[in-house]
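A.B. asks: Below is a structure I'd like to ask you about.
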Amino acid sequence: MEVTAVATQGRFNSQDWVSSYLLFYSDTGRAWKQHRQEDGGGRFVGNVNSEAVVHNKLSHSVRTRFLRFVPLDWSRSGWLGLRVEVYGCSFKSDVVSFDGGSSLLYRFNQKSMSTVKDVISLRFKSRQAEGVLLHGEGQRGDYITLELHEGKLDLHLNLGDLHTHSPVAVTVGSLLDDQHWHSVLIERFNRQVNLTVDSHTQHFQTKGEGLSLDVDYELSFGGIPLPGKPGTFLRKNFQGCMENLYYNGINIIDLAKRRKPQIHSVVSRHV
């Protein structure tokens, strides 16, 4: 579910209520992550009596299967008492898992794809600190690689400069190998690029002589099945799950589930 708000109330006809609490969420019911508001605070204001309802809107929605309320303070004239209501809606997701030796190839209808604007979005979770999430390259020196490296997310991007060998264009996040879902959004127009991981955005200008990203034949998700070409970083394939993977409005996972001919599943020997 996608949770947008919570409300609490004390126990009916009593002196029992919770006056402050922490909120945790989880996909499994075993590994928990604390929800924090935009100001970084994690404490939620609760009740001062048993009957009034206190609503707390989440500063950013949470997609989860389990919620945990952890009381911090409660009624001095009674004991712990809590009625809870959760607000939100069902969340539709397309999920694919990668085992470190597999990848999905999205092959273009033509030999190459040239774009002046790109929007790529996905969510991922992994226990591995290393792994390629996305890779594409062209013969003019263009390439794009999104990868986990030491638990951080690196975006390598070059637009048509054969003499440019920038090791990393931008790095965002830390401890992203915590087996929790993290959202990624790449927005590029000409050389201007925004990379957003969860709620943190880096703005930068890519290197290269051109304004378009020219990629030959295909984009690879989850790894690089044939490493060794220019722009390839020879990192490990991704191990974990990806959710709602979109490339310029195209739902890649949905195409794979429907066995569309543009999508090819590859098992790589380079694990």
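Naming works like this for the structure tokens: A, B, ... for the chains as they're shown, residue 1 at the start of each chain, ligands 1 onward in shown order.
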List the spatial neighbours of A:Val86 as a VMD selection string - criterion: any atom at most 8 Å away, only C-alpha atoms, same-chain residues fewer than 4 positions off excluded.
C.D. replies: chain A and resid 3 to 7
A.B. asks: Using only C-alpha atoms, determine which residues lie at most 12 Å from stretch 87-90 of chain A, disregarding the query and same-chain residues fewer than 3 positions distant; provide the list as a ChimeraX atom specification.
C.D. replies: /A:1-8,55-58,60-65,67,84,93
A.B. asks: Applying 10 Å and only C-alpha atoms, which residues near stretch 32-36 of chain A remain after dropping the ones on its own chain fewer than 5 positions away? List them as a list in words.
C.D. replies: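 My reading of the contact set: Leu22, Leu23, Phe24, Tyr25, Ser26, Asp27, Gly41, Gly42, Arg43, Phe44, Leu58, Ser59, His60, Ser61, Val62, Phe66, Leu67, Arg68, Asp178, Gln179 and His180 of chain A.
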A.B. asks: From the list A:Ser174, A:Ser50, A:Ser121, A:Asn109, which residue is nearest A:Asn194 when using only C-alpha atoms?
C.D. replies: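 The answer is A:Ser121, which sits nearest to A:Asn194.
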A.B. asks: Tell me, as number ranges by chain, which residues lie within 6 Å of stretch 187-190 of chain A, counting only C-alpha atoms; anything in the same chain fewer than 6 positions away does not count.
C.D. replies: A: 116-119, 211-212
A.B. asks: Could you turn the residues from that selection into a file that holds C-alpha atoms, as a compact mmCIF listing (two decimals), in the first residue's frame?
C.D. replies:
# COMPACT_ATOMS: atom_id res chain seq x y z
CA VAL A 116 18.06 15.12 -26.67
CA LYS A 117 15.81 14.43 -23.67
CA ASP A 118 15.72 11.37 -21.40
CA VAL A 119 13.66 10.49 -18.34
CA LEU A 211 23.60 17.58 -27.12
CA SER A 212 22.05 14.16 -27.76
A.B. asks: Nearest to A:Phe108 among A:Ser220, A:Gln239, A:Ser19, A:Asn49, with distances taken over only C-alpha atoms: which residue is it?
C.D. replies: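 Comparing A:Ser220, A:Gln239, A:Ser19, A:Asn49 against A:Phe108, the winner is A:Ser220.
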A.B. asks: May I ask for the distance between atom CA of A:Thr206 and atom CA of A:His156, given in Å to one decimal place?
C.D. replies: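 So the two atoms, atom CA of A:Thr206 and atom CA of A:His156, lie 8.9 Å apart.
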A.B. asks: Determine the nearest neighbour of A:Ser14 from the options A:Glu137, A:Glu150, A:Glu51, A:Glu38, counting only C-alpha atoms.
C.D. replies: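 Closest to A:Ser14 of all the choices is A:Glu51.
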A.B. asks: A:His264: which residues within 8 Å, counting only C-alpha atoms, same-chain residues fewer than 3 positions away excluded, as a PyMOL selection string?
C.D. replies: chain A and resi 104-107+256+261
A.B. asks: Got time to write the residues from that selection, N, CA, C and O atoms, as a PDB file, in the first residue's frame?
C.D. replies:
ATOM      1  N   LEU A 104      18.208  -7.587 -18.457  1.00  0.00           N
ATOM      2  CA  LEU A 104      17.166  -7.372 -19.453  1.00  0.00           C
ATOM      3  C   LEU A 104      17.690  -6.414 -20.508  1.00  0.00           C
ATOM      4  O   LEU A 104      18.220  -5.342 -20.170  1.00  0.00           O
ATOM      5  N   LEU A 105      17.539  -6.778 -21.759  1.00  0.00           N
ATOM      6  CA  LEU A 105      17.956  -5.924 -22.864  1.00  0.00           C
ATOM      7  C   LEU A 105      16.724  -5.335 -23.535  1.00  0.00           C
ATOM      8  O   LEU A 105      15.826  -6.075 -23.949  1.00  0.00           O
ATOM      9  N   TYR A 106      16.698  -4.003 -23.631  1.00  0.00           N
ATOM     10  CA  TYR A 106      15.648  -3.328 -24.385  1.00  0.00           C
ATOM     11  C   TYR A 106      16.249  -2.924 -25.725  1.00  0.00           C
ATOM     12  O   TYR A 106      17.089  -2.032 -25.801  1.00  0.00           O
ATOM     13  N   ARG A 107      15.833  -3.595 -26.789  1.00  0.00           N
ATOM     14  CA  ARG A 107      16.423  -3.373 -28.105  1.00  0.00           C
ATOM     15  C   ARG A 107      15.552  -2.423 -28.918  1.00  0.00           C
ATOM     16  O   ARG A 107      14.333  -2.557 -28.945  1.00  0.00           O
ATOM     17  N   ALA A 256       8.565  -6.984 -20.526  1.00  0.00           N
ATOM     18  CA  ALA A 256       9.179  -8.287 -20.277  1.00  0.00           C
ATOM     19  C   ALA A 256       8.134  -9.301 -19.821  1.00  0.00           C
ATOM     20  O   ALA A 256       8.149 -10.459 -20.259  1.00  0.00           O
ATOM     21  N   PRO A 261       8.730  -8.574 -28.101  1.00  0.00           N
ATOM     22  CA  PRO A 261       9.991  -8.869 -28.791  1.00  0.00           C
ATOM     23  C   PRO A 261      11.094  -7.842 -28.552  1.00  0.00           C
ATOM     24  O   PRO A 261      12.265  -8.139 -28.811  1.00  0.00           O
TER      25      PRO A 261
END
A.B. asks: Which of these, A:Met113, A:Leu122, A:Val266, A:Ile144, has the shortest distance to A:Leu245 once you count only C-alpha atoms?
C.D. replies: A:Leu122
A.B. asks: To one decimal place, how far is atom CA of A:Ser102 from atom CA of A:Ile253 in Å?
C.D. replies: 14.0 Å
A.B. asks: Rounded to one decimal in Å, what is the spacing between atom CA of A:Arg259 and atom CA of A:Tyr143?
C.D. replies: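 For atom CA of A:Arg259 relative to atom CA of A:Tyr143, the distance reads 26.8 Å.
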A.B. asks: When DSSP works through the backbone of this structure, what residues of stretch 94-246 of chain A end up as strand (DSSP E), shown as an MDAnalysis selection string?
C.D. replies: chainID A and resid 95:99 102:115 117:125 131:137 143:149 152:159 170:172 182:189 192:197 200:205 207:208 213:221 239:246
A.B. asks: Please provide the set of residues having any atom within 10 Å of A:Asp216, restricted to only C-alpha atoms, with same-chain residues fewer than 2 positions apart removed, written as a ChimeraX atom specification.
C.D. replies: /A:107-108,110-114,136-140,142-143,213-214,218-219
A.B. asks: Atoms to include: N, CA, C and O atoms. Write the selected residues as an mmCIF file, in the first residue's frame.
C.D. replies:
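Writing done, so here's again_23.cif:
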data_model
loop_
_atom_site.group_PDB
_atom_site.id
_atom_site.type_symbol
_atom_site.label_atom_id
_atom_site.label_comp_id
_atom_site.auth_asym_id
_atom_site.auth_seq_id
_atom_site.Cartn_x
_atom_site.Cartn_y
_atom_site.Cartn_z
ATOM 1 N N ARG A 107 15.833 -3.595 -26.789
ATOM 2 C CA ARG A 107 16.423 -3.373 -28.105
ATOM 3 C C ARG A 107 15.552 -2.423 -28.918
ATOM 4 O O ARG A 107 14.333 -2.557 -28.945
ATOM 5 N N PHE A 108 16.208 -1.472 -29.565
ATOM 6 C CA PHE A 108 15.499 -0.460 -30.338
ATOM 7 C C PHE A 108 15.034 -1.044 -31.673
ATOM 8 O O PHE A 108 15.569 -2.046 -32.163
ATOM 9 N N GLN A 110 15.441 0.495 -34.420
ATOM 10 C CA GLN A 110 16.460 0.851 -35.390
ATOM 11 C C GLN A 110 17.837 0.537 -34.806
ATOM 12 O O GLN A 110 17.948 0.095 -33.682
ATOM 13 N N LYS A 111 18.885 0.767 -35.599
ATOM 14 C CA LYS A 111 20.235 0.420 -35.151
ATOM 15 C C LYS A 111 20.712 1.290 -34.001
ATOM 16 O O LYS A 111 21.571 0.880 -33.224
ATOM 17 N N SER A 112 20.210 2.512 -33.891
ATOM 18 C CA SER A 112 20.632 3.392 -32.807
ATOM 19 C C SER A 112 19.465 4.270 -32.387
ATOM 20 O O SER A 112 18.500 4.454 -33.125
ATOM 21 N N MET A 113 19.597 4.816 -31.172
ATOM 22 C CA MET A 113 18.600 5.719 -30.623
ATOM 23 C C MET A 113 19.304 7.017 -30.241
ATOM 24 O O MET A 113 20.273 7.013 -29.490
ATOM 25 N N SER A 114 18.827 8.136 -30.801
ATOM 26 C CA SER A 114 19.400 9.442 -30.518
ATOM 27 C C SER A 114 18.338 10.294 -29.838
ATOM 28 O O SER A 114 17.255 10.522 -30.400
ATOM 29 N N GLY A 136 24.159 1.707 -21.404
ATOM 30 C CA GLY A 136 24.004 1.852 -22.846
ATOM 31 C C GLY A 136 25.192 2.606 -23.396
ATOM 32 O O GLY A 136 25.792 3.436 -22.703
ATOM 33 N N GLU A 137 25.551 2.341 -24.659
ATOM 34 C CA GLU A 137 26.718 2.995 -25.248
ATOM 35 C C GLU A 137 26.569 3.096 -26.764
ATOM 36 O O GLU A 137 25.787 2.368 -27.384
ATOM 37 N N GLY A 138 27.334 4.027 -27.344
ATOM 38 C CA GLY A 138 27.313 4.238 -28.785
ATOM 39 C C GLY A 138 28.719 4.307 -29.354
ATOM 40 O O GLY A 138 29.705 4.476 -28.624
ATOM 41 N N GLN A 139 28.839 4.205 -30.673
ATOM 42 C CA GLN A 139 30.146 4.154 -31.320
ATOM 43 C C GLN A 139 30.858 5.501 -31.325
ATOM 44 O O GLN A 139 32.072 5.559 -31.518
ATOM 45 N N ARG A 140 30.125 6.615 -31.125
ATOM 46 C CA ARG A 140 30.763 7.935 -31.115
ATOM 47 C C ARG A 140 31.341 8.290 -29.749
ATOM 48 O O ARG A 140 31.854 9.372 -29.544
ATOM 49 N N ASP A 142 29.438 7.966 -26.911
ATOM 50 C CA ASP A 142 28.337 8.179 -25.963
ATOM 51 C C ASP A 142 28.195 6.961 -25.048
ATOM 52 O O ASP A 142 28.347 5.823 -25.490
ATOM 53 N N TYR A 143 27.875 7.215 -23.795
ATOM 54 C CA TYR A 143 27.514 6.120 -22.915
ATOM 55 C C TYR A 143 26.771 6.654 -21.697
ATOM 56 O O TYR A 143 26.891 7.810 -21.307
ATOM 57 N N LEU A 213 22.094 11.989 -26.716
ATOM 58 C CA LEU A 213 22.674 10.720 -26.286
ATOM 59 C C LEU A 213 22.393 9.694 -27.374
ATOM 60 O O LEU A 213 21.242 9.359 -27.636
ATOM 61 N N ASP A 214 23.454 9.215 -28.022
ATOM 62 C CA ASP A 214 23.335 8.261 -29.120
ATOM 63 C C ASP A 214 23.758 6.876 -28.625
ATOM 64 O O ASP A 214 24.936 6.644 -28.353
ATOM 65 N N GLU A 218 20.731 -1.118 -28.123
ATOM 66 C CA GLU A 218 19.999 -1.548 -26.949
ATOM 67 C C GLU A 218 20.453 -0.835 -25.686
ATOM 68 O O GLU A 218 21.533 -0.250 -25.624
ATOM 69 N N LEU A 219 19.602 -0.895 -24.689
ATOM 70 C CA LEU A 219 19.928 -0.547 -23.308
ATOM 71 C C LEU A 219 19.872 -1.820 -22.484
ATOM 72 O O LEU A 219 18.995 -2.669 -22.694
#
A.B. asks: Which residue is closest to A:Trp79? Choose from A:Phe98, A:Phe124, A:Phe91, A:Trp17 and count only C-alpha atoms.
C.D. replies: A:Trp17
A.B. asks: Tell me which protein, DNA and RNA residues are within 12 Å of A:Ile186, counting only C-alpha atoms, leaving out same-chain ones fewer than 2 positions away, and put them as a PyMOL selection string.
C.D. replies: chain A and resi 117-123+134+144-146+153-157+170+172+183-184+188-189+192-198+200-204+245-248
